[in-house]
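Engineer: Structure file run.txt (compact mmCIF, C-alpha atoms) is given on the next line.
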# COMPACT_ATOMS: atom_id res chain seq x y z
CA MET A 1486 96.14 -1.76 -4.18
CA ALA A 1487 92.86 -3.42 -5.02
CA ASN A 1488 92.61 -5.45 -1.81
CA LEU A 1489 89.73 -5.26 0.60
CA SER A 1490 91.34 -3.09 3.27
CA SER A 1491 92.27 -0.37 0.80
CA PHE A 1492 88.69 -0.42 -0.44
CA ALA A 1493 87.39 -0.19 3.12
CA SER A 1494 89.42 2.94 3.77
CA SER A 1495 88.74 4.40 0.33
CA LEU A 1496 86.91 7.65 -0.16
CA PHE A 1497 84.07 5.84 -1.95
CA TRP A 1498 83.28 3.79 1.13
CA ALA A 1499 83.86 6.69 3.54
CA THR A 1500 81.56 8.98 1.56
CA PHE A 1501 78.95 6.23 1.31
CA LYS A 1502 78.99 5.68 5.08
CA ARG A 1503 79.04 9.39 5.89
CA ASP A 1504 76.10 10.17 3.63
CA LEU A 1505 74.14 7.22 4.99
CA ILE A 1506 74.64 8.53 8.55
CA LEU A 1507 73.62 12.01 7.38
CA ALA A 1508 70.50 10.63 5.68
CA PHE A 1509 69.42 9.00 8.93
CA ARG A 1510 70.19 12.09 11.01
CA HIS A 1511 68.11 14.24 8.63
CA LYS A 1512 65.05 11.99 8.71
CA GLY A 1513 62.81 14.88 7.66
CA ASP A 1514 64.58 15.26 4.31
CA MET A 1515 64.37 11.54 3.74
CA VAL A 1516 60.71 11.18 4.70
CA ASN A 1517 59.52 14.26 2.76
CA PRO A 1518 59.34 12.66 -0.73
CA LEU A 1519 57.80 9.51 0.74
CA VAL A 1520 55.08 11.47 2.50
CA PHE A 1521 54.41 13.38 -0.73
CA PHE A 1522 54.13 10.07 -2.61
CA LEU A 1523 51.75 8.65 0.00
CA ILE A 1524 49.54 11.73 0.32
CA ALA A 1525 49.31 12.47 -3.41
CA ILE A 1526 48.21 8.92 -4.21
CA THR A 1527 45.78 8.81 -1.30
CA MET A 1528 44.11 11.92 -2.75
CA ILE A 1529 43.34 10.26 -6.08
CA PRO A 1530 40.54 7.90 -4.96
CA LEU A 1531 39.13 10.70 -2.81
CA ALA A 1532 38.94 13.03 -5.79
CA LEU A 1533 37.84 10.54 -8.46
CA GLY A 1534 35.58 8.37 -6.33
CA PRO A 1535 36.27 4.76 -5.31
CA GLU A 1536 35.07 3.26 -8.58
CA LYS A 1537 37.21 0.17 -9.09
CA ALA A 1538 37.22 0.12 -12.91
CA VAL A 1539 38.41 3.74 -13.14
CA LEU A 1540 41.14 3.38 -10.51
CA MET A 1541 42.41 0.13 -12.05
CA ARG A 1542 42.75 1.84 -15.39
CA ILE A 1543 44.78 4.82 -14.12
CA ALA A 1544 46.73 3.18 -11.27
CA PRO A 1545 49.98 2.37 -13.19
CA GLY A 1546 50.26 5.86 -14.63
CA ILE A 1547 49.41 7.62 -11.35
CA ILE A 1548 51.90 5.62 -9.29
CA TRP A 1549 54.65 6.20 -11.82
CA VAL A 1550 54.03 9.93 -12.21
CA MET A 1551 53.99 10.39 -8.43
CA ALA A 1552 57.19 8.37 -8.00
CA LEU A 1553 58.83 10.60 -10.61
CA LEU A 1554 57.67 13.80 -8.91
CA ALA A 1555 58.76 12.50 -5.50
CA THR A 1556 62.25 11.81 -6.87
CA LEU A 1557 62.36 15.25 -8.46
CA LEU A 1558 61.45 16.79 -5.11
CA SER A 1559 64.43 15.17 -3.41
CA LEU A 1560 67.07 16.05 -6.01
CA ASP A 1561 67.90 19.60 -4.97
CA SER A 1562 69.36 18.48 -1.64
CA LEU A 1563 71.74 15.96 -3.24
CA PHE A 1564 74.80 18.26 -3.38
CA ARG A 1565 73.34 21.37 -1.70
CA SER A 1566 74.60 20.86 1.85
CA ASP A 1567 78.04 19.76 0.64
CA PHE A 1568 78.24 22.93 -1.44
CA ASP A 1569 77.12 25.15 1.44
CA ASP A 1570 79.55 23.80 4.05
CA GLY A 1571 82.60 23.49 1.80
CA SER A 1572 82.95 19.71 1.78
CA LEU A 1573 82.22 19.70 -1.94
CA GLU A 1574 85.46 21.63 -2.56
CA GLN A 1575 87.31 19.07 -0.47
CA LEU A 1576 85.77 16.24 -2.49
CA LEU A 1577 86.82 17.98 -5.69
CA ILE A 1578 90.49 18.34 -4.79
CA ALA A 1579 90.85 14.96 -3.06
CA PRO A 1580 93.33 12.62 -4.77
CA TYR A 1581 90.52 10.24 -5.70
CA PRO A 1582 88.35 9.95 -8.83
CA LEU A 1583 85.50 12.40 -8.34
CA ALA A 1584 83.08 10.26 -10.36
CA LEU A 1585 83.44 7.44 -7.81
CA SER A 1586 82.73 9.61 -4.77
CA VAL A 1587 79.82 11.19 -6.65
CA PHE A 1588 78.56 7.67 -7.38
CA ALA A 1589 78.66 6.92 -3.64
CA LYS A 1590 76.47 9.96 -3.01
CA ILE A 1591 74.00 8.92 -5.74
CA LEU A 1592 73.85 5.41 -4.29
CA VAL A 1593 72.88 6.80 -0.89
CA HIS A 1594 70.30 9.07 -2.54
CA TRP A 1595 68.70 6.04 -4.18
CA LEU A 1596 68.78 4.00 -0.95
CA ALA A 1597 67.11 6.90 0.88
CA THR A 1598 64.43 7.74 -1.72
CA GLY A 1599 64.16 5.34 -4.69
CA LEU A 1600 64.25 2.13 -2.68
CA PRO A 1601 61.63 3.20 -0.07
CA LEU A 1602 59.41 4.49 -2.91
CA THR A 1603 59.65 1.09 -4.58
CA LEU A 1604 58.85 -0.72 -1.35
CA MET A 1605 55.86 1.54 -0.64
CA ALA A 1606 54.40 1.26 -4.14
CA PRO A 1607 52.65 -2.14 -3.74
CA LEU A 1608 50.77 -0.78 -0.73
CA LEU A 1609 49.53 2.14 -2.78
CA GLY A 1610 48.76 -0.27 -5.60
CA VAL A 1611 46.28 -1.98 -3.27
CA MET A 1612 44.73 1.40 -2.52
CA LEU A 1613 44.22 2.03 -6.25
CA SER A 1614 42.98 -1.57 -6.73
CA LEU A 1615 45.78 -2.51 -9.09
CA PRO A 1616 45.22 -6.04 -10.49
CA ALA A 1617 47.16 -8.72 -8.61
CA ASN A 1618 49.24 -9.76 -11.62
CA ALA A 1619 50.71 -6.24 -11.99
CA PHE A 1620 52.46 -6.01 -8.60
CA ALA A 1621 55.65 -7.77 -9.66
CA ALA A 1622 55.92 -5.53 -12.72
CA LEU A 1623 55.34 -2.44 -10.54
CA CYS A 1624 58.19 -3.38 -8.19
CA TYR A 1625 60.66 -4.39 -10.91
CA SER A 1626 59.96 -1.36 -13.08
CA LEU A 1627 60.24 1.06 -10.14
CA LEU A 1628 63.41 -0.63 -8.91
CA LEU A 1629 65.12 -0.05 -12.26
CA GLY A 1630 63.40 3.27 -12.96
CA THR A 1631 64.10 5.03 -9.65
CA ALA A 1632 67.78 4.04 -9.82
CA ALA A 1633 68.05 5.52 -13.30
CA MET A 1634 66.20 8.64 -12.12
CA SER A 1635 68.59 9.15 -9.18
CA LEU A 1636 71.56 8.88 -11.55
CA ILE A 1637 70.18 11.22 -14.21
CA GLY A 1638 68.86 13.63 -11.59
CA ALA A 1639 72.34 13.91 -10.08
CA VAL A 1640 73.56 15.52 -13.30
CA GLY A 1641 70.83 18.16 -13.05
CA ALA A 1642 71.54 18.71 -9.35
CA ALA A 1643 75.27 19.07 -10.06
CA LEU A 1644 74.65 21.63 -12.81
CA THR A 1645 72.44 23.81 -10.62
CA VAL A 1646 74.17 23.46 -7.25
CA SER A 1647 75.83 26.88 -7.38
CA LEU A 1648 72.59 28.67 -8.21
CA ARG A 1649 70.70 30.06 -5.26
CA LYS A 1650 67.35 28.91 -6.58
CA GLY A 1651 68.06 25.86 -8.69
CA GLY A 1652 64.84 23.98 -7.99
CA VAL A 1653 62.90 25.00 -11.09
CA LEU A 1654 65.90 24.66 -13.35
CA ILE A 1655 66.58 21.09 -12.19
CA SER A 1656 63.06 20.11 -13.21
CA LEU A 1657 63.51 21.69 -16.64
CA ILE A 1658 66.86 19.98 -17.22
CA VAL A 1659 65.91 16.59 -15.92
CA MET A 1660 62.28 16.21 -17.00
CA PRO A 1661 62.93 15.47 -20.71
CA LEU A 1662 65.35 12.73 -19.69
CA TYR A 1663 62.81 11.23 -17.30
CA ILE A 1664 60.08 10.96 -19.92
CA PRO A 1665 61.33 7.73 -21.58
CA ILE A 1666 61.67 6.13 -18.15
CA LEU A 1667 58.12 7.17 -17.31
CA ILE A 1668 56.73 5.85 -20.60
CA PHE A 1669 58.36 2.45 -20.37
CA GLY A 1670 57.86 2.11 -16.61
CA ALA A 1671 54.14 2.88 -16.72
CA SER A 1672 53.77 0.75 -19.83
CA ALA A 1673 55.35 -2.25 -18.07
CA VAL A 1674 52.76 -2.08 -15.29
CA GLN A 1675 49.91 -1.43 -17.73
CA THR A 1676 50.88 -4.43 -19.87
CA ALA A 1677 51.22 -6.66 -16.81
CA ALA A 1678 47.76 -5.57 -15.64
CA LEU A 1679 46.36 -6.81 -18.96
CA GLY A 1680 48.06 -10.15 -18.33
CA GLU A 1681 50.65 -9.84 -21.09
CA ALA A 1682 54.45 -10.18 -21.06
CA TYR A 1683 56.31 -7.03 -20.01
CA ASN A 1684 59.89 -8.22 -20.63
CA MET A 1685 60.48 -5.69 -23.38
CA GLN A 1686 59.70 -2.68 -21.15
CA LEU A 1687 61.89 -4.00 -18.36
CA ALA A 1688 64.71 -4.63 -20.83
CA VAL A 1689 64.51 -1.02 -22.04
CA LEU A 1690 64.49 0.27 -18.45
CA GLY A 1691 67.48 -1.96 -17.66
CA ALA A 1692 69.34 -0.67 -20.70
CA GLY A 1693 68.58 2.89 -19.63
CA LEU A 1694 69.89 2.15 -16.16
CA ALA A 1695 73.06 0.61 -17.60
CA ILE A 1696 73.76 3.70 -19.71
CA ALA A 1697 73.00 5.99 -16.76
CA LEU A 1698 75.32 3.97 -14.48
CA LEU A 1699 78.12 4.37 -16.95
CA LEU A 1700 77.68 8.02 -17.91
CA ALA A 1701 75.81 9.86 -15.15
CA PRO A 1702 78.56 9.79 -12.46
CA LEU A 1703 81.08 11.09 -15.00
CA ALA A 1704 78.70 13.78 -16.23
CA ALA A 1705 77.77 14.80 -12.68
CA ALA A 1706 81.45 14.99 -11.71
CA GLY A 1707 82.17 17.24 -14.69
CA ALA A 1708 79.14 19.39 -13.91
CA LEU A 1709 80.28 19.79 -10.29
CA ARG A 1710 83.69 21.01 -11.42
CA VAL A 1711 82.02 23.61 -13.61
CA SER A 1712 79.59 24.68 -10.88
CA VAL A 1713 82.22 25.08 -8.16
CA ASN A 1714 84.66 26.80 -10.50
CA ALA A 1715 82.25 29.60 -11.28
CA MET B 413 117.55 27.88 0.75
CA THR B 414 117.96 29.40 -2.69
CA ALA B 415 119.87 26.33 -3.89
CA ALA B 416 116.83 24.08 -3.61
CA PRO B 417 114.26 24.41 -6.41
CA ALA B 418 110.99 26.08 -5.57
CA LEU B 419 108.24 23.79 -4.34
CA LEU B 420 105.58 25.90 -5.93
CA GLU B 421 106.15 28.45 -8.64
CA LEU B 422 103.67 30.96 -10.02
CA ARG B 423 104.42 32.49 -13.40
CA ASN B 424 102.48 35.41 -14.77
CA LEU B 425 99.36 34.52 -12.87
CA ALA B 426 96.35 36.74 -13.54
CA CYS B 427 92.79 36.39 -12.53
CA GLU B 428 89.67 38.08 -13.77
CA ARG B 429 86.32 38.12 -12.02
CA ASP B 430 83.25 39.93 -13.34
CA GLU B 431 85.29 41.76 -16.01
CA ARG B 432 87.68 43.11 -13.41
CA TYR B 433 91.24 41.96 -12.82
CA LEU B 434 91.96 41.03 -9.21
CA PHE B 435 95.70 40.71 -9.75
CA ALA B 436 98.00 40.30 -12.73
CA GLN B 437 101.57 39.35 -13.59
CA LEU B 438 101.87 37.60 -10.28
CA ASN B 439 105.25 35.89 -10.15
CA ALA B 440 106.29 34.15 -6.98
CA ASN B 441 108.36 31.22 -5.80
CA PHE B 442 107.48 29.33 -2.66
CA TYR B 443 110.12 27.14 -1.04
CA ALA B 444 110.00 24.30 1.43
CA GLY B 445 110.28 25.64 4.98
CA GLN B 446 108.43 28.88 4.34
CA VAL B 447 105.37 30.36 5.96
CA VAL B 448 103.86 32.86 3.53
CA GLN B 449 101.15 35.28 4.54
CA ILE B 450 99.12 36.61 1.63
CA LEU B 451 98.02 40.17 2.23
CA GLY B 452 95.52 42.48 0.65
CA PRO B 453 92.38 44.39 1.52
CA ASN B 454 88.91 42.84 1.32
CA GLY B 455 88.03 41.86 -2.21
CA SER B 456 91.62 41.92 -3.46
CA GLY B 457 91.54 38.25 -4.44
CA LYS B 458 93.18 36.44 -1.52
CA THR B 459 90.58 33.73 -1.37
CA THR B 460 90.52 33.49 -5.15
CA LEU B 461 94.30 33.01 -5.23
CA LEU B 462 94.10 30.29 -2.59
CA ARG B 463 91.29 28.55 -4.47
CA ILE B 464 93.47 28.59 -7.57
CA LEU B 465 96.44 27.22 -5.64
CA ALA B 466 94.24 24.52 -4.11
CA GLY B 467 93.04 23.43 -7.53
CA VAL B 468 89.40 24.25 -6.79
CA SER B 469 89.27 27.02 -9.37
CA LYS B 470 90.88 26.65 -12.78
CA ASP B 471 89.71 29.99 -14.07
CA PHE B 472 92.98 31.94 -14.40
CA TYR B 473 95.71 32.96 -16.82
CA GLY B 474 99.36 31.99 -16.39
CA ASP B 475 101.15 28.89 -15.19
CA ILE B 476 101.72 27.10 -11.91
CA PHE B 477 104.63 24.70 -11.47
CA TRP B 478 104.77 22.03 -8.78
CA GLN B 479 108.34 20.87 -8.08
CA SER B 480 109.39 22.35 -11.45
CA GLN B 481 106.72 20.43 -13.37
CA PRO B 482 103.62 22.08 -14.85
CA LEU B 483 100.69 21.57 -12.49
CA LYS B 484 98.59 20.14 -15.33
CA ASP B 485 100.91 17.11 -15.55
CA THR B 486 101.35 16.63 -11.83
CA ALA B 487 97.84 17.34 -10.58
CA TRP B 488 97.59 13.91 -8.94
CA GLU B 489 100.89 14.18 -7.05
CA TYR B 490 100.05 17.72 -6.04
CA ALA B 491 96.61 16.68 -4.75
CA ASN B 492 98.33 14.06 -2.58
CA ASP B 493 100.62 16.69 -1.10
CA LEU B 494 98.03 19.37 -0.48
CA LEU B 495 95.84 20.26 2.45
CA TYR B 496 93.34 23.00 1.71
CA LEU B 497 91.31 24.56 4.46
CA GLY B 498 88.87 26.89 2.80
CA HIS B 499 86.93 29.88 3.82
CA LEU B 500 84.10 27.39 4.50
CA PRO B 501 85.34 24.90 7.09
CA GLY B 502 83.98 21.77 5.36
CA ILE B 503 82.52 20.41 8.58
CA LYS B 504 79.15 18.67 8.66
CA LYS B 505 77.12 20.05 11.53
CA SER B 506 75.02 16.95 12.10
CA LEU B 507 78.07 14.70 12.40
CA THR B 508 80.31 14.50 15.45
CA PRO B 509 83.87 15.88 15.28
CA PHE B 510 85.18 12.31 15.18
CA GLU B 511 82.93 11.33 12.25
CA ASN B 512 83.97 14.47 10.38
CA LEU B 513 87.66 13.68 10.84
CA ARG B 514 87.15 10.04 9.84
CA TRP B 515 85.95 11.22 6.44
CA TYR B 516 89.00 13.48 6.06
CA ALA B 517 91.19 10.54 7.09
CA ALA B 518 89.74 8.63 4.13
CA VAL B 519 90.44 11.59 1.83
CA GLN B 520 94.14 11.11 2.47
CA GLY B 521 93.98 7.32 2.33
CA GLY B 522 93.28 6.22 5.89
CA VAL B 523 94.47 7.17 9.38
CA ALA B 524 94.14 5.10 12.57
CA ASP B 525 91.20 6.06 14.79
CA ALA B 526 93.54 6.61 17.76
CA ASP B 527 95.37 9.30 15.78
CA LEU B 528 92.09 11.10 15.13
CA ILE B 529 91.28 11.09 18.86
CA LYS B 530 94.77 12.44 19.52
CA ALA B 531 94.27 15.15 16.90
CA LEU B 532 91.06 16.26 18.60
CA ALA B 533 92.82 16.36 21.97
CA GLN B 534 95.50 18.58 20.42
CA VAL B 535 92.90 21.21 19.53
CA GLN B 536 91.41 21.07 23.04
CA LEU B 537 88.36 19.09 21.97
CA ALA B 538 88.98 15.99 24.11
CA GLY B 539 85.60 14.92 25.47
CA TYR B 540 83.73 16.41 22.52
CA GLU B 541 84.43 13.47 20.15
CA ASN B 542 80.81 12.35 20.15
CA THR B 543 79.01 15.68 20.52
CA PRO B 544 77.19 16.67 17.34
CA CYS B 545 78.95 19.64 15.73
CA TYR B 546 75.80 21.82 15.79
CA ARG B 547 76.22 21.99 19.57
CA LEU B 548 79.75 23.40 19.27
CA SER B 549 80.64 27.09 19.21
CA ALA B 550 82.07 28.81 16.12
CA GLY B 551 85.59 28.64 17.55
CA GLN B 552 85.23 24.97 18.38
CA LEU B 553 83.99 24.26 14.84
CA ARG B 554 87.09 26.00 13.49
CA ARG B 555 89.17 23.81 15.81
CA VAL B 556 87.54 20.66 14.40
CA ALA B 557 88.63 21.76 10.93
CA LEU B 558 92.11 22.62 12.20
CA ALA B 559 92.44 19.17 13.79
CA ARG B 560 93.05 17.95 10.23
CA LEU B 561 96.49 19.57 10.38
CA ALA B 562 97.57 17.17 13.14
CA PHE B 563 97.28 13.98 11.08
CA SER B 564 97.91 15.44 7.64
CA ARG B 565 100.75 14.03 5.55
CA ALA B 566 100.57 16.92 3.08
CA LYS B 567 103.59 19.05 2.28
CA VAL B 568 101.68 22.16 1.32
CA TRP B 569 99.10 23.71 3.60
CA VAL B 570 96.79 26.26 2.02
CA LEU B 571 94.81 27.93 4.80
CA ASP B 572 92.19 30.58 4.19
CA GLU B 573 91.63 32.73 7.30
CA PRO B 574 92.39 29.90 9.74
CA PHE B 575 92.53 32.29 12.71
CA THR B 576 88.87 33.36 12.47
CA ALA B 577 86.90 32.76 15.67
CA LEU B 578 89.89 31.30 17.52
CA ASP B 579 90.68 32.48 21.05
CA LYS B 580 94.15 33.71 22.07
CA SER B 581 95.47 30.30 23.09
CA GLY B 582 94.03 28.81 19.91
CA VAL B 583 95.91 31.37 17.83
CA ALA B 584 99.16 30.61 19.65
CA GLU B 585 98.69 26.85 19.19
CA LEU B 586 98.03 27.27 15.49
CA GLU B 587 101.11 29.50 15.07
CA ALA B 588 103.20 26.83 16.80
CA LYS B 589 101.81 24.27 14.38
CA LEU B 590 102.68 26.42 11.36
CA ILE B 591 106.24 26.91 12.66
CA ALA B 592 106.64 23.16 13.25
CA HIS B 593 105.34 22.35 9.77
CA ALA B 594 107.73 24.78 8.12
CA ALA B 595 110.63 23.45 10.21
CA ALA B 596 109.80 19.92 9.02
CA GLY B 597 110.22 21.06 5.40
CA GLY B 598 106.62 21.97 4.68
CA LEU B 599 105.17 25.04 3.03
CA VAL B 600 102.35 27.09 4.52
CA LEU B 601 100.32 29.61 2.52
CA VAL B 602 97.97 31.51 4.73
CA THR B 603 95.68 34.53 4.56
CA SER B 604 94.81 36.48 7.64
CA HIS B 605 93.88 40.01 8.56
CA GLN B 606 95.73 39.82 11.84
CA ASP B 607 99.50 39.78 12.33
CA ILE B 608 100.90 36.30 12.44
CA ASN B 609 103.60 35.77 15.01
CA VAL B 610 105.95 33.46 13.13
CA PRO B 611 109.73 33.96 12.67
CA ASN B 612 110.86 34.49 9.06
CA LEU B 613 107.32 35.14 7.91
CA GLN B 614 107.25 35.87 4.17
CA LEU B 615 104.71 38.38 2.92
CA LEU B 616 102.99 38.49 -0.44
CA ASN B 617 100.90 41.58 -0.98
CA LEU B 618 98.39 41.28 -3.82
CA LEU B 619 98.40 45.07 -4.26
CA ASP B 620 101.96 44.72 -5.60
CA PHE B 621 100.55 43.12 -8.73
CA PRO B 622 98.29 45.72 -10.30
CA VAL B 623 96.94 45.45 -13.81
CA ASP B 624 98.40 47.42 -16.72
CA ALA B 625 96.46 48.18 -19.85
CA GLN B 626 98.84 46.40 -22.21
CA LEU B 627 98.32 43.11 -20.43
CA LEU B 628 94.57 43.56 -20.59
CA ASN B 629 94.76 43.86 -24.37
CA SER B 630 96.96 40.81 -24.73
CA HIS B 631 94.48 38.71 -22.78
CA GLU B 632 91.62 39.99 -24.81
CA ASP B 633 93.50 39.04 -27.96
CA ALA B 634 94.09 35.60 -26.53
CA ALA B 635 90.46 35.22 -25.60
CA TYR B 636 88.94 36.42 -28.84
CA GLY B 637 91.74 35.88 -31.36
Could you render the structure as structure tokens?

Structural biologist:
Amino acid sequence: MANLSSFASSLFWATFKRDLILAFRHKGDMVNPLVFFLIAITMIPLALGPEKAVLMRIAPGIIWVMALLATLLSLDSLFRSDFDDGSLEQLLIAPYPLALSVFAKILVHWLATGLPLTLMAPLLGVMLSLPANAFAALCYSLLLGTAAMSLIGAVGAALTVSLRKGGVLISLIVMPLYIPILIFGASAVQTAALGEAYNMQLAVLGAGLAIALLLAPLAAAGALRVSVNA
Amino acid sequence: MTAAPALLELRNLACERDERYLFAQLNANFYAGQVVQILGPNGSGKTTLLRILAGVSKDFYGDIFWQSQPLKDTAWEYANDLLYLGHLPGIKKSLTPFENLRWYAAVQGGVADADLIKALAQVQLAGYENTPCYRLSAGQLRRVALARLAFSRAKVWVLDEPFTALDKSGVAELEAKLIAHAAAGGLVLVTSHQDINVPNLQLLNLLDFPVDAQLLNSHEDAAYG
């Protein structure tokens, strides 16, 4: 039952592969949050002036806020197309734990948005003249933070999938849950920029991610059942 | 046929949408080897009934029994024995027909790729395996969804308007498939506005299950009491 071939043919793996193919075929959807991230951060030095001391001071907060908004922008499409074409119903009634197939979808969402955001962040850090000793903290904190944001955001997306205009509601549902991630993520980078240890902030982000990993797929699965039922 | 227990049994099924009852006191037994057409005018609750039977919607009164066991206790077994083809075809337009079917193969625990190719050939889509679905016509899209029937191991087929957009030969092929499935001991529940040309077709008209006031009160008591 638990051997490799049964895993390879399992719905988790099939959904993961299918969504990955879909993400690459819909490059526009995938690139949209990244372009927003890039453009919004490029605007900051233009608006505030290229004064190094000012940019250095605000860089951690700006990068984190923009990463959060970029993630938020991408959430609505997480279950939308599955809901519209009927494959969500099929996922719901499949003889397979819904939380696992939902987790596969969240994983793809993170690979398509959170991971590229994390990889792009150091580049934008250079643009905002972030101190050299803060780059590692920026990458680690975003790596943990974006994963947690994809997971938590999936619950919001699942709750609003049956509403025609769920975009605003997702933000309202998800934003309060994102705030702790934002505080500790930005604080990790800030602390690292001052040359101090940022282990505590990373530990809190990691703990948040662990809780989200455990609970968010279950909560999203339950929310999907409610949404489709209505 | 009456000696064998019913595969699927509906007892006192009632369904309310937007403070209006679609049907009530719906009692029906479905046996292996039957093709059942569910009838009713637009908005009479055909799709809703099929969604309930497919397990998508759990918003109803009454009980459903699967092989004489309450559906609540046998949901897993039932899910393994069910193929539901909804009103929405469940086909991803940016994937090819083959990629779409490969996902459905995983839903039922894996099917060899050769069988998927064969299933596509059976619905006259040989040569279209690697064409993105957005290039296909509406009828061809419907055929991609119907190709699932060819490699399904499910006993119960729940099909919502499967004849939409099909051409004449497509309709005949699908009818042949329904007959073959019933002959092999399967059960087909289907809605359609056209006449289905299948011997021994059973009919279930939702207008035969109107709502009476007494029942309304009893449900209200149950809901608020």

Engineer: Find the axis-aligned box for segment 1670-1678 of chain A, covering all its listed atoms and adding 8 Å on each side, and write its centre and edge lengths in Å to one decimal as JSON.

Structural biologist:
{"center_x": 52.8, "center_y": -1.9, "center_z": -17.6, "size_x": 26.1, "size_y": 25.5, "size_z": 20.6}

Engineer: Skip segment 1630-1644 of chain A itself and residues of its chain fewer than 3 positions away, then list as an NGL selection string all residues within 7 Å of it, counting only C-alpha atoms.

Structural biologist: :A and (1560-1561 or 1563-1564 or 1591 or 1594-1595 or 1599 or 1626-1627 or 1655 or 1658-1659 or 1663 or 1666 or 1670 or 1690 or 1693-1694 or 1697-1698 or 1701 or 1704-1705 or 1708-1709 or 1712)

Engineer: With a distance threshold of 7 Å and counting only C-alpha atoms, extract the residues of chain A near chain B and express them as a list in words.

Structural biologist: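 The answer, sorted by residue number, is Ser1494, Ser1495, Leu1496, Ala1499, Thr1500, Leu1507, Arg1510, Asp1570, Gly1571, Ser1572, Glu1574, Leu1577, Ile1578, Ala1579, Pro1580 and Asn1714 of chain A.
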
Engineer: Find the residue from B:Leu618, B:Val623, B:Leu586, B:Leu601 that sits nearest to Ser456 of chain B; use only C-alpha atoms when measuring.

Structural biologist: B:Leu618

Engineer: Between A:Cys1624, A:Leu1613, A:Val1689, A:Ala1671, which has the minimum distance to Leu1531 of chain A (counting all atoms listed in the file)?

Structural biologist: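 Nearest candidate to Leu1531 of chain A out of A:Cys1624, A:Leu1613, A:Val1689, A:Ala1671: A:Leu1613.
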
Engineer: Which residues come within 8 Å of Val556 of chain B, counting all atoms listed in the file, excluding same-chain residues fewer than 2 positions away, as an NGL selection string?

Structural biologist: :B and (503 or 509 or 513 or 532 or 535 or 537 or 552-554 or 558-560)

Engineer: Which residue, B:Gly457, B:Gly452, B:Ala526, B:Tyr546, has the smallest gap to Cys427 of chain B when you use only C-alpha atoms?

Structural biologist: B:Gly457

Engineer: Compare A:Ser1647, A:Leu1596, A:Gly1534, A:Ser1562 by their minimum atom-to-atom distance to Gly1513 of chain A, counting all atoms listed in the file, and give me the closest one.

Structural biologist: A:Ser1562

Engineer: Please identify all polymer residues within 12 Å of Asn1684 of chain A, counting all atoms listed in the file, omitting same-chain residues fewer than 3 positions from it, and present them as a list in words.

Structural biologist: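 My list of contacting residues is Ala1621, Ala1622, Tyr1625, Ser1626, Phe1669, Gly1670, Ser1672, Ala1673, Val1674, Thr1676, Ala1677, Glu1681, Leu1687, Ala1688, Val1689, Leu1690 and Gly1691 of chain A.
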
Engineer: The selected residues should be written to file as a PDB file, in the coordinates of the input (atoms: C-alpha atoms).

Structural biologist:
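Output file out03.pdb follows:
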ATOM      1  CA  ALA A1621      55.650  -7.770  -9.660  1.00  0.00           C
ATOM      2  CA  ALA A1622      55.920  -5.530 -12.720  1.00  0.00           C
ATOM      3  CA  TYR A1625      60.660  -4.390 -10.910  1.00  0.00           C
ATOM      4  CA  SER A1626      59.960  -1.360 -13.080  1.00  0.00           C
ATOM      5  CA  PHE A1669      58.360   2.450 -20.370  1.00  0.00           C
ATOM      6  CA  GLY A1670      57.860   2.110 -16.610  1.00  0.00           C
ATOM      7  CA  SER A1672      53.770   0.750 -19.830  1.00  0.00           C
ATOM      8  CA  ALA A1673      55.350  -2.250 -18.070  1.00  0.00           C
ATOM      9  CA  VAL A1674      52.760  -2.080 -15.290  1.00  0.00           C
ATOM     10  CA  THR A1676      50.880  -4.430 -19.870  1.00  0.00           C
ATOM     11  CA  ALA A1677      51.220  -6.660 -16.810  1.00  0.00           C
ATOM     12  CA  GLU A1681      50.650  -9.840 -21.090  1.00  0.00           C
ATOM     13  CA  LEU A1687      61.890  -4.000 -18.360  1.00  0.00           C
ATOM     14  CA  ALA A1688      64.710  -4.630 -20.830  1.00  0.00           C
ATOM     15  CA  VAL A1689      64.510  -1.020 -22.040  1.00  0.00           C
ATOM     16  CA  LEU A1690      64.490   0.270 -18.450  1.00  0.00           C
ATOM     17  CA  GLY A1691      67.480  -1.960 -17.660  1.00  0.00           C
TER      18      GLY A1691
END

Engineer: For a quick check of understanding, using all atoms listed in the file, which of A:Arg1710, A:Lys1502, A:Lys1590, A:Arg1542 has the smallest distance to Pro1616 of chain A?

Structural biologist: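 Nearest candidate to Pro1616 of chain A out of A:Arg1710, A:Lys1502, A:Lys1590, A:Arg1542: A:Arg1542.
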
Engineer: Pick out the residues sitting within 8 Å of Leu1602 of chain A, and hand them over as a list in words; count all atoms listed in the file, and ignore anything fewer than 3 positions along from it in its own chain.

Structural biologist: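 After dropping sequence-adjacent residues, the list is Leu1519, Phe1522, Ala1552, Thr1598, Gly1599, Met1605 and Ala1606 of chain A.
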
Engineer: What is the distance, in Å and to one decimal place, between atom CA of Gly582 of chain B and atom CA of Thr460 of chain B?

Structural biologist: 25.7 Å
